[in-house]
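Next up, model07.pdb (PDB, C-alpha atoms):
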MODEL        1
ATOM      1  CA  MET A   6      91.236 -43.964 158.919
ATOM      2  CA  ALA A   7      87.718 -43.036 159.951
ATOM      3  CA  THR A   8      87.197 -41.526 156.503
ATOM      4  CA  VAL A   9      88.322 -44.733 154.823
ATOM      5  CA  ILE A  10      85.907 -46.723 156.963
ATOM      6  CA  ASP A  11      83.142 -44.180 156.315
ATOM      7  CA  ASN A  12      83.892 -44.288 152.584
ATOM      8  CA  ALA A  13      83.886 -48.106 152.651
ATOM      9  CA  GLN A  14      80.622 -48.131 154.607
ATOM     10  CA  ASN A  15      79.084 -45.603 152.204
ATOM     11  CA  ALA A  16      80.293 -47.606 149.204
ATOM     12  CA  ALA A  17      78.954 -50.848 150.707
ATOM     13  CA  GLN A  18      75.683 -49.144 151.584
ATOM     14  CA  SER A  19      75.445 -47.652 148.099
ATOM     15  CA  ALA A  20      76.215 -51.029 146.513
ATOM     16  CA  ALA A  21      73.601 -52.712 148.717
ATOM     17  CA  GLN A  22      70.973 -50.113 147.783
ATOM     18  CA  ASP A  23      71.890 -50.412 144.102
ATOM     19  CA  THR A  24      71.706 -54.209 144.261
ATOM     20  CA  SER A  25      68.421 -54.021 146.165
ATOM     21  CA  ALA A  26      66.958 -51.624 143.583
ATOM     22  CA  LYS A  27      68.090 -53.881 140.726
ATOM     23  CA  ALA A  28      66.631 -56.958 142.471
ATOM     24  CA  GLN A  29      63.317 -55.173 143.042
ATOM     25  CA  ALA A  30      63.233 -54.076 139.393
ATOM     26  CA  MET A  31      64.011 -57.626 138.263
ATOM     27  CA  PHE A  32      61.309 -59.132 140.504
ATOM     28  CA  SER A  33      58.835 -56.459 139.389
ATOM     29  CA  ASP A  34      59.610 -57.274 135.735
ATOM     30  CA  MET A  35      59.245 -61.027 136.414
ATOM     31  CA  THR A  36      55.930 -60.399 138.160
ATOM     32  CA  GLU A  37      54.610 -58.405 135.195
ATOM     33  CA  ARG A  38      55.750 -61.066 132.745
ATOM     34  CA  SER A  39      54.119 -63.768 134.875
ATOM     35  CA  LYS A  40      50.864 -61.809 134.963
ATOM     36  CA  GLY A  41      50.996 -61.453 131.182
ATOM     37  CA  ALA A  42      51.636 -65.186 130.765
ATOM     38  CA  VAL A  43      48.757 -66.036 133.117
ATOM     39  CA  GLU A  44      46.412 -63.705 131.214
ATOM     40  CA  LYS A  45      47.430 -65.262 127.887
ATOM     41  CA  SER A  46      46.919 -68.744 129.324
ATOM     42  CA  GLN A  47      43.479 -67.791 130.617
ATOM     43  CA  LYS A  48      42.525 -66.367 127.219
ATOM     44  CA  LEU A  49      43.786 -69.485 125.429
ATOM     45  CA  PHE A  50      41.830 -71.691 127.838
ATOM     46  CA  ALA A  51      38.687 -69.600 127.314
ATOM     47  CA  ASP A  52      39.142 -69.771 123.529
ATOM     48  CA  ALA A  53      39.667 -73.545 123.676
ATOM     49  CA  THR A  54      36.567 -73.944 125.832
ATOM     50  CA  GLU A  55      34.508 -71.839 123.420
ATOM     51  CA  PHE A  56      35.833 -73.796 120.446
ATOM     52  CA  GLY A  57      34.989 -77.093 122.150
ATOM     53  CA  LYS A  58      31.501 -75.813 122.914
ATOM     54  CA  GLY A  59      31.048 -74.965 119.236
ATOM     55  CA  ASN A  60      32.192 -78.472 118.287
ATOM     56  CA  VAL A  61      29.658 -80.058 120.625
ATOM     57  CA  GLU A  62      26.897 -77.827 119.244
ATOM     58  CA  ALA A  63      27.861 -78.873 115.693
ATOM     59  CA  LEU A  64      27.685 -82.555 116.671
ATOM     60  CA  VAL A  65      24.282 -82.055 118.301
ATOM     61  CA  GLU A  66      22.974 -80.259 115.213
ATOM     62  CA  SER A  67      24.389 -82.969 112.973
ATOM     63  CA  SER A  68      22.703 -85.636 115.110
ATOM     64  CA  LYS A  69      19.361 -83.831 114.930
ATOM     65  CA  ILE A  70      19.595 -83.633 111.144
ATOM     66  CA  ALA A  71      20.476 -87.338 110.974
ATOM     67  CA  ALA A  72      17.558 -88.292 113.227
ATOM     68  CA  ARG A  73      15.049 -86.289 111.173
ATOM     69  CA  GLY A  74      16.419 -87.717 107.921
ATOM     70  CA  ILE A  75      16.365 -91.307 109.149
ATOM     71  CA  GLU A  76      12.833 -90.840 110.449
ATOM     72  CA  SER A  77      11.725 -89.515 107.063
ATOM     73  CA  MET A  78      13.446 -92.357 105.219
ATOM     74  CA  SER A  79      11.841 -94.875 107.590
ATOM     75  CA  HIS A  80       8.382 -93.486 106.852
ATOM     76  CA  GLU A  81       9.078 -93.792 103.126
ATOM     77  CA  ALA A  82      10.307 -97.375 103.540
ATOM     78  CA  VAL A  83       7.175 -98.310 105.505
ATOM     79  CA  ALA A  84       4.968 -96.711 102.863
ATOM     80  CA  TYR A  85       6.798 -98.625 100.125
ATOM     81  CA  ALA A  86       6.502-101.909 102.052
ATOM     82  CA  LYS A  87       2.774-101.327 102.564
ATOM     83  CA  SER A  88       2.272-100.504  98.902
ATOM     84  CA  SER A  89       4.291-103.562  97.831
ATOM     85  CA  PHE A  90       2.261-105.811 100.103
ATOM     86  CA  GLU A  91      -1.005-104.419  98.743
ATOM     87  CA  GLN A  92       0.184-104.912  95.162
ATOM     88  CA  ALA A  93       1.327-108.485  95.941
ATOM     89  CA  SER A  94      -2.033-109.258  97.564
ATOM     90  CA  GLU A  95      -3.871-107.911  94.547
ATOM     91  CA  ALA A  96      -1.621-109.917  92.216
ATOM     92  CA  MET A  97      -2.323-113.107  94.214
ATOM     93  CA  LYS A  98      -6.063-112.523  93.968
ATOM     94  CA  THR A  99      -5.741-112.000  90.249
ATOM     95  CA  LEU A 100      -3.511-115.056  89.811
ATOM     96  CA  SER A 101      -5.910-117.226  91.787
ATOM     97  CA  SER A 102      -8.747-116.444  89.413
ATOM     98  CA  VAL A 103      -6.999-117.303  86.113
ATOM     99  CA  LYS A 104      -8.428-119.958  83.832
ATOM    100  CA  SER A 105      -5.321-121.111  81.933
ATOM    101  CA  PRO A 106      -1.633-121.697  82.572
ATOM    102  CA  SER A 107      -0.610-119.277  79.820
ATOM    103  CA  GLU A 108      -2.718-116.505  81.356
ATOM    104  CA  PHE A 109      -1.160-117.335  84.755
ATOM    105  CA  MET A 110       2.380-117.085  83.324
ATOM    106  CA  LYS A 111       1.612-113.778  81.592
ATOM    107  CA  LEU A 112       0.091-112.195  84.718
ATOM    108  CA  GLN A 113       2.891-113.534  86.903
ATOM    109  CA  ALA A 114       5.558-112.142  84.535
ATOM    110  CA  ASP A 115       3.785-108.766  84.390
ATOM    111  CA  TYR A 116       3.630-108.625  88.208
ATOM    112  CA  ALA A 117       7.292-109.631  88.570
ATOM    113  CA  ARG A 118       8.330-106.957  86.060
ATOM    114  CA  SER A 119       6.279-104.223  87.741
ATOM    115  CA  ALA A 120       7.499-105.269  91.215
ATOM    116  CA  PHE A 121      11.108-105.222  90.016
ATOM    117  CA  ASP A 122      10.662-101.781  88.403
ATOM    118  CA  ALA A 123       9.060-100.424  91.579
ATOM    119  CA  MET A 124      11.877-101.878  93.694
ATOM    120  CA  MET A 125      14.528-100.308  91.442
ATOM    121  CA  ALA A 126      12.765 -96.927  91.571
ATOM    122  CA  GLN A 127      12.519 -97.116  95.370
ATOM    123  CA  THR A 128      16.166 -98.159  95.666
ATOM    124  CA  SER A 129      17.241 -95.225  93.498
ATOM    125  CA  LYS A 130      15.090 -92.843  95.528
ATOM    126  CA  SER A 131      16.518 -94.203  98.800
ATOM    127  CA  THR A 132      20.082 -93.907  97.532
ATOM    128  CA  GLU A 133      19.556 -90.274  96.512
ATOM    129  CA  ALA A 134      17.935 -89.502  99.867
ATOM    130  CA  SER A 135      20.828 -91.172 101.713
ATOM    131  CA  LEU A 136      23.436 -89.180  99.810
ATOM    132  CA  LYS A 137      21.556 -85.941 100.400
ATOM    133  CA  LEU A 138      21.200 -86.759 104.105
ATOM    134  CA  ALA A 139      24.908 -87.563 104.390
ATOM    135  CA  GLY A 140      25.735 -84.130 102.966
ATOM    136  CA  GLU A 141      23.325 -82.396 105.323
ATOM    137  CA  VAL A 142      24.666 -84.311 108.337
ATOM    138  CA  ALA A 143      28.263 -83.448 107.433
ATOM    139  CA  GLN A 144      27.593 -79.726 106.896
ATOM    140  CA  PRO A 145      27.720 -78.564 110.562
ATOM    141  CA  ILE A 146      30.925 -80.549 111.091
ATOM    142  CA  SER A 147      32.428 -79.141 107.880
ATOM    143  CA  ASN A 148      31.649 -75.652 109.129
ATOM    144  CA  ARG A 149      33.552 -76.366 112.366
ATOM    145  CA  ILE A 150      36.511 -77.706 110.370
ATOM    146  CA  ALA A 151      36.539 -74.438 108.419
ATOM    147  CA  VAL A 152      36.552 -72.481 111.699
ATOM    148  CA  ALA A 153      39.441 -74.608 112.970
ATOM    149  CA  ALA A 154      41.376 -74.040 109.746
ATOM    150  CA  ASP A 155      40.853 -70.280 110.073
ATOM    151  CA  LYS A 156      42.083 -70.355 113.684
ATOM    152  CA  ILE A 157      45.179 -72.277 112.613
ATOM    153  CA  LYS A 158      45.873 -69.756 109.855
ATOM    154  CA  VAL A 159      45.566 -66.876 112.327
ATOM    155  CA  ALA A 160      47.793 -68.648 114.873
ATOM    156  CA  ALA A 161      50.462 -69.397 112.277
TER     157      ALA A 161
ENDMDL
END
Let me see the file written as structure tokens.
Amino acid sequence: MATVIDNAQNAAQSAAQDTSAKAQAMFSDMTERSKGAVEKSQKLFADATEFGKGNVEALVESSKIAARGIESMSHEAVAYAKSSFEQASEAMKTLSSVKSPSEFMKLQADYARSAFDAMMAQTSKSTEASLKLAGEVAQPISNRIAVAADKIKVAA
């Protein structure tokens, strides 16, 4: 009977050691997997932070380009306004010195035509400058969209 008890104790002890070893292996495996998941999460967070930083830099660059372009367009608009005012003042001086109504009408029509042509030329120039500026402002953001598309392709 002592042998049966010893055998039972040995079997129970062996089963306990086997179960303990399996539990330790399972916990060790879970720990390794958790570490791997944490490392992946940290890398993803770092990548997301870096990507966000790049987006902010693109917006700042885009804003700088917009500010320079608007400043340049403002200078051109002021120069045009000054030139238009000078031409209008000169036309008024000329119109005030006419001797006949027909001469007045001719000079006034010539001034109106030249002012309209100058306005159309300035409008065309401003439109072209605006379109060019819009493209330049959008370029840094377009570059970031391309980077995002590449990251999505790699992730998929």
Inset, instruction - Could you check how far CA of Asp52 in chain A sits from CA of Gly140 in chain A, in Å to one decimal? - result: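 CA of Gly140 in chain A lies at a distance of 28.4 Å from CA of Asp52 in chain A.
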Evaluate the PyMOL selection byres ((chain A and resi 153) around 12) against this structure - the residues, as an mmCIF file with C-alpha atoms, in the coordinates of the input, please.
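Heads up, here's the output in out_19.cif:
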data_model
loop_
_atom_site.group_PDB
_atom_site.id
_atom_site.type_symbol
_atom_site.label_atom_id
_atom_site.label_comp_id
_atom_site.auth_asym_id
_atom_site.auth_seq_id
_atom_site.Cartn_x
_atom_site.Cartn_y
_atom_site.Cartn_z
ATOM 1 C CA ASP A 52 39.142 -69.771 123.529
ATOM 2 C CA ALA A 53 39.667 -73.545 123.676
ATOM 3 C CA GLU A 55 34.508 -71.839 123.420
ATOM 4 C CA PHE A 56 35.833 -73.796 120.446
ATOM 5 C CA GLY A 57 34.989 -77.093 122.150
ATOM 6 C CA GLY A 59 31.048 -74.965 119.236
ATOM 7 C CA ASN A 60 32.192 -78.472 118.287
ATOM 8 C CA ILE A 146 30.925 -80.549 111.091
ATOM 9 C CA SER A 147 32.428 -79.141 107.880
ATOM 10 C CA ASN A 148 31.649 -75.652 109.129
ATOM 11 C CA ARG A 149 33.552 -76.366 112.366
ATOM 12 C CA ILE A 150 36.511 -77.706 110.370
ATOM 13 C CA ALA A 151 36.539 -74.438 108.419
ATOM 14 C CA VAL A 152 36.552 -72.481 111.699
ATOM 15 C CA ALA A 154 41.376 -74.040 109.746
ATOM 16 C CA ASP A 155 40.853 -70.280 110.073
ATOM 17 C CA LYS A 156 42.083 -70.355 113.684
ATOM 18 C CA ILE A 157 45.179 -72.277 112.613
ATOM 19 C CA LYS A 158 45.873 -69.756 109.855
ATOM 20 C CA VAL A 159 45.566 -66.876 112.327
ATOM 21 C CA ALA A 160 47.793 -68.648 114.873
#
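Of note, CA of Lys87 in chain A and CA of Tyr116 in chain A are spaced 16.1 Å apart.
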Would you mind listing what lies within 12 Å of Leu136 in chain A as a CSV table (one decimal) with C-alpha atoms, in the frame of the given file, with all atoms listed in the file counted and same-chain residues fewer than 5 positions away left out?
chain,number,residue,atom,x,y,z
A,71,ALA,CA,20.5,-87.3,111.0
A,74,GLY,CA,16.4,-87.7,107.9
A,75,ILE,CA,16.4,-91.3,109.1
A,78,MET,CA,13.4,-92.4,105.2
A,129,SER,CA,17.2,-95.2,93.5
A,130,LYS,CA,15.1,-92.8,95.5
A,131,SER,CA,16.5,-94.2,98.8
A,141,GLU,CA,23.3,-82.4,105.3
A,142,VAL,CA,24.7,-84.3,108.3
A,143,ALA,CA,28.3,-83.4,107.4
Inset, instruction - Give the answer as one residue: which of A:Lys111, A:Asp23, A:Gln127, A:Thr99 has the shortest atom-to-atom distance to Ala84 in chain A, using all atoms listed in the file? - result: A:Gln127
Inset, instruction - Go through A:Ser46, A:Gln144, A:Ser107, A:Gln92 one by one, measure the shortest atom-to-atom distance of each to Ser119 in chain A using only C-alpha atoms, and give the residue with the smallest value. - result: A:Gln92
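Nearest residue to Ser88 in chain A, choosing from A:Leu64, A:Ile10, A:Leu138, A:Ala120 and counting only C-alpha atoms: A:Ala120.
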Inset, instruction - Quote the spacing between CA of Ala93 in chain A and CA of Glu76 in chain A in Å to one decimal place. - result: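 We find that CA of Ala93 in chain A and CA of Glu76 in chain A lie 25.6 Å from each other.
The smallest atom-to-atom distance between Leu100 in chain A and any of A:Met31, A:Leu112, A:Ala26, A:Val65, using all atoms listed in the file, is found for A:Leu112.
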Is there a way to complete range 142-160 of chain A with N, CA and C atoms and then write that out as a PDB file, keeping the file's coordinate frame?
ATOM      1  N   VAL A 142      24.114 -83.940 107.028  1.00  0.00           N
ATOM      2  CA  VAL A 142      24.666 -84.311 108.337  1.00  0.00           C
ATOM      3  C   VAL A 142      26.095 -83.799 108.468  1.00  0.00           C
ATOM      4  N   ALA A 143      26.854 -83.860 107.391  1.00  0.00           N
ATOM      5  CA  ALA A 143      28.263 -83.448 107.433  1.00  0.00           C
ATOM      6  C   ALA A 143      28.439 -81.925 107.447  1.00  0.00           C
ATOM      7  N   GLN A 144      27.437 -81.179 107.029  1.00  0.00           N
ATOM      8  CA  GLN A 144      27.593 -79.726 106.896  1.00  0.00           C
ATOM      9  C   GLN A 144      27.982 -79.017 108.198  1.00  0.00           C
ATOM     10  N   PRO A 145      27.301 -79.251 109.329  1.00  0.00           N
ATOM     11  CA  PRO A 145      27.720 -78.564 110.562  1.00  0.00           C
ATOM     12  C   PRO A 145      29.159 -78.901 110.962  1.00  0.00           C
ATOM     13  N   ILE A 146      29.557 -80.141 110.747  1.00  0.00           N
ATOM     14  CA  ILE A 146      30.925 -80.549 111.091  1.00  0.00           C
ATOM     15  C   ILE A 146      31.916 -79.894 110.130  1.00  0.00           C
ATOM     16  N   SER A 147      31.568 -79.815 108.855  1.00  0.00           N
ATOM     17  CA  SER A 147      32.428 -79.141 107.880  1.00  0.00           C
ATOM     18  C   SER A 147      32.611 -77.669 108.233  1.00  0.00           C
ATOM     19  N   ASN A 148      31.546 -77.054 108.708  1.00  0.00           N
ATOM     20  CA  ASN A 148      31.649 -75.652 109.129  1.00  0.00           C
ATOM     21  C   ASN A 148      32.634 -75.498 110.283  1.00  0.00           C
ATOM     22  N   ARG A 149      32.620 -76.432 111.233  1.00  0.00           N
ATOM     23  CA  ARG A 149      33.552 -76.366 112.366  1.00  0.00           C
ATOM     24  C   ARG A 149      34.988 -76.601 111.897  1.00  0.00           C
ATOM     25  N   ILE A 150      35.165 -77.469 110.914  1.00  0.00           N
ATOM     26  CA  ILE A 150      36.511 -77.706 110.370  1.00  0.00           C
ATOM     27  C   ILE A 150      37.026 -76.429 109.725  1.00  0.00           C
ATOM     28  N   ALA A 151      36.140 -75.708 109.031  1.00  0.00           N
ATOM     29  CA  ALA A 151      36.539 -74.438 108.419  1.00  0.00           C
ATOM     30  C   ALA A 151      36.947 -73.424 109.493  1.00  0.00           C
ATOM     31  N   VAL A 152      36.206 -73.385 110.592  1.00  0.00           N
ATOM     32  CA  VAL A 152      36.552 -72.481 111.699  1.00  0.00           C
ATOM     33  C   VAL A 152      37.916 -72.856 112.268  1.00  0.00           C
ATOM     34  N   ALA A 153      38.149 -74.147 112.438  1.00  0.00           N
ATOM     35  CA  ALA A 153      39.441 -74.608 112.970  1.00  0.00           C
ATOM     36  C   ALA A 153      40.573 -74.232 112.026  1.00  0.00           C
ATOM     37  N   ALA A 154      40.354 -74.387 110.724  1.00  0.00           N
ATOM     38  CA  ALA A 154      41.376 -74.040 109.746  1.00  0.00           C
ATOM     39  C   ALA A 154      41.684 -72.533 109.800  1.00  0.00           C
ATOM     40  N   ASP A 155      40.648 -71.727 109.961  1.00  0.00           N
ATOM     41  CA  ASP A 155      40.853 -70.280 110.073  1.00  0.00           C
ATOM     42  C   ASP A 155      41.661 -69.942 111.336  1.00  0.00           C
ATOM     43  N   LYS A 156      41.352 -70.606 112.435  1.00  0.00           N
ATOM     44  CA  LYS A 156      42.083 -70.355 113.684  1.00  0.00           C
ATOM     45  C   LYS A 156      43.550 -70.764 113.537  1.00  0.00           C
ATOM     46  N   ILE A 157      43.794 -71.841 112.826  1.00  0.00           N
ATOM     47  CA  ILE A 157      45.179 -72.277 112.613  1.00  0.00           C
ATOM     48  C   ILE A 157      45.929 -71.273 111.747  1.00  0.00           C
ATOM     49  N   LYS A 158      45.245 -70.753 110.709  1.00  0.00           N
ATOM     50  CA  LYS A 158      45.873 -69.756 109.855  1.00  0.00           C
ATOM     51  C   LYS A 158      46.233 -68.495 110.649  1.00  0.00           C
ATOM     52  N   VAL A 159      45.321 -68.075 111.515  1.00  0.00           N
ATOM     53  CA  VAL A 159      45.566 -66.876 112.327  1.00  0.00           C
ATOM     54  C   VAL A 159      46.712 -67.115 113.302  1.00  0.00           C
ATOM     55  N   ALA A 160      46.743 -68.329 113.891  1.00  0.00           N
ATOM     56  CA  ALA A 160      47.793 -68.648 114.873  1.00  0.00           C
ATOM     57  C   ALA A 160      49.158 -68.765 114.215  1.00  0.00           C
TER      58      ALA A 160
END
